[in-house]
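This report refers to the structure that appears directly beneath it.
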2 protein chains.
Amino acid sequence: MQLTLHAYWRSSASFRVRIALALKGLDYARVSHDLRTGAQRDPAYLALNPLGLVPALVVEQNGARHVLTQSVAILEWLDEVVPAPALYPADPFARADARALVAMIAADVQPLQNPRVLKRLRDEHGATMLASDDWARHWISLGLDAAEVLLARHSGRYAMGDAPGAVDCVLVPQCYNAERFGMDLARWPRLQAVVGAARQHPAIIAASPENQPDADA
Amino acid sequence: MQLTLHAYWRSSASFRVRIALALKGLDYARVSHDLRTGAQRDPAYLALNPLGLVPALVVEQNGARHVLTQSVAILEWLDEVVPAPALYPADPFARADARALVAMIAADVQPLQNPRVLKRLRDEHGATMLASDDWARHWISLGLDAAEVLLARHSGRYAMGDAPGAVDCVLVPQCYNAERFGMDLARWPRLQAVVGAARQHPAIIAASPENQPDADA
């Protein structure tokens, strides 16, 4: 199985998939698409992902080629085809809690503070950079407030116990974004603790934006 | 297993879960939370879902009580505990494609046109109702354009072949929203065809907003 990840170092959805690939111990080729220049909307990339968002994971296996998109779908696929170490817990209710945390960040926080959304807020609705940053912080705050409550159910050293998994794959990149918007994680002590632990994990260090070949010097 | 669905008739995330429950043939009690009056932010409901969004599914089984949130996580849980009829295909790549379509709508479209987001656009950024409706249509258009391309891979009578599943659970409510914003599904012929078929399925008719007990007369 040959994997090629189409991504951008600073994209938090790309960061999620890099963490998952690193946790699974999988090697992959990399293609970088510079979101600042709109490279994700080049026709060649749109043929991979018609929504024009990173990441996309190209899987070549037995002479066939599959293109996977949407970071959360990629995490689920990885956990099905490479079961160990598991990204999701085994118990169905715990799996549901993990997926709820993943969806809360991946659906109700990150898309609202995505650069394309903030840009539209400025370009079409006259928001200043300060106002669009406030918009981002508003939705991040609501989501992390709720995550802090839900983390109480299962968190140990990591978000869902004593090994990192899918929830860590989304929380770490979301906290990276929160800090880029000047937010202090100390507001969410449990979140801060699990993300602090995750940031010391070798797979997460390897997957971090600043350690990618396409990162700005 | 006793199920109680906390929902609102017009909420598209609630509609997704109602479709899934109906496809699985599961009965459930209903609690309605009127989003127009902010009932989803009552402390009693926040104890169920700290993010203050519907739906939440309360599961009582063997003397234990579990609260599930996030519609996509609920769909996954339902498919694990009640496997037939399946909401997701069996093949891992087809499952990944289904999950990508689900995530595309559930993460990159619906959260951007959720009433709480449109309200903030008006209240905090001075958008008129017309401008906030344009914002909603913009993100719906991008998402449905991409969905139209992805549907070419698997669609038959329904989105992923000849039985309705998780993709239909999200596409039908998203198209309901698109039409509320005055959009014509004829722009997306394949989408229009599969959603048209889905709307004739008894489970989807039963789950439709206008057929709920809490629907406006």
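By order in the structure tokens, chains are A, B, ...; within a chain, residues start at 1; ligands start at 1, following the order shown.
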
Fewer than 6 positions away in the same chain doesn't count, so skip those; otherwise give me all residues within 10 Å of A:Gln61, counting only C-alpha atoms, as a PyMOL selection string.
-> chain A and resi 1-3

Save the residues we just selected, N, CA and C atoms, as a PDB file, in the first residue's frame?
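The resulting file, again.pdb, is shown below:
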ATOM      1  N   MET A   1       0.846  -1.195   0.000  1.00  0.00           N
ATOM      2  CA  MET A   1       0.000   0.000   0.000  1.00  0.00           C
ATOM      3  C   MET A   1       0.885   1.249   0.000  1.00  0.00           C
ATOM      4  N   GLN A   2       0.716   2.084  -1.045  1.00  0.00           N
ATOM      5  CA  GLN A   2       1.478   3.335  -1.151  1.00  0.00           C
ATOM      6  C   GLN A   2       0.541   4.494  -0.818  1.00  0.00           C
ATOM      7  N   LEU A   3       0.982   5.362   0.074  1.00  0.00           N
ATOM      8  CA  LEU A   3       0.154   6.494   0.496  1.00  0.00           C
ATOM      9  C   LEU A   3       0.813   7.808   0.088  1.00  0.00           C
TER      10      LEU A   3
END

7 Å contact set for stretch 85-99 of chain B, only C-alpha atoms, chain neighbours under 2 positions out, as a list of chain:residue names |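 Near stretch 85-99 of chain B, the qualifying residues are A:Leu68, A:Ala73, A:Ile74, A:Trp77, B:Lys24, B:Asp79, B:Pro83, B:Leu101, B:Val102, B:Ala103, B:Gly165, B:Ala166, B:Val167.
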
Mind dumping the selected residues with C-alpha atoms as a compact mmCIF listing (two decimals), in the first residue's frame?
# COMPACT_ATOMS: atom_id res chain seq x y z
CA LEU A 68 -9.79 9.71 0.13
CA ALA A 73 -13.33 9.94 7.02
CA ILE A 74 -9.61 9.29 6.53
CA TRP A 77 -10.60 4.40 7.13
CA LYS B 24 -33.32 0.89 11.42
CA ASP B 79 -24.81 1.24 12.66
CA PRO B 83 -26.13 -3.45 12.00
CA LEU B 101 -19.79 12.81 1.64
CA VAL B 102 -21.29 12.79 5.12
CA ALA B 103 -18.45 14.93 6.48
CA GLY B 165 -27.91 4.98 4.04
CA ALA B 166 -25.90 7.56 5.96
CA VAL B 167 -25.25 9.75 2.91

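Using only C-alpha atoms, the contacts of B:Tyr158 at a cut-off of 12 Å, with sequence neighbours closer than 6 positions omitted, comprise Leu87, Ala98, Leu151, Ala152, Pro164, Gly165, Ala166, Val167, Asp168, Cys169, Leu171, Val172, Arg190, Leu191, Gln192, Ala193, Val194, Val195, Gly196, Ala197, Ala198, Arg199, Gln200 and His201 of chain B.
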
For chain A, report every residue with an atom at most 9 Å from chain B (counting only C-alpha atoms), formatted as number ranges by chain.
-> A: 49-52, 66-74, 76-77, 80-81, 92-93, 95-104, 106-112, 117, 120-121, 124-127, 131, 135, 142-143, 145-147, 149-150

May I ask which of the residues A:Ala136, A:Val58, A:Leu130, A:Ala44 is the closest one to A:Arg30, counting only C-alpha atoms?
->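 Nearest to A:Arg30: A:Val58.
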
May I ask for the distance between atom CA of A:Asp214 and atom CA of A:Ala178, given in Å to one decimal place?
->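 Atom CA of A:Ala178 lies 21.4 Å from atom CA of A:Asp214.
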
From a DSSP calculation on the backbone, collect every residue of stretch 10-170 of chain B in strand (DSSP E or B) and output the set as an MDAnalysis selection string.
-> chainID B and resid 29:32 56:61 64:69 158 161

Output as number ranges by chain all residues of stretch 151-190 of chain B that backbone DSSP marks as alpha helix (DSSP H).
-> B: 151, 166-180, 189-190

Would you mind reading off the distance between atom CA of B:Ala7 and atom CA of B:Arg36, one decimal, in Å?
-> 12.6 Å

What is the atom CA of B:Arg41 to atom CA of B:Val17 distance in Å?
->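 Separation between atom CA of B:Arg41 and atom CA of B:Val17: 20.1 Å.
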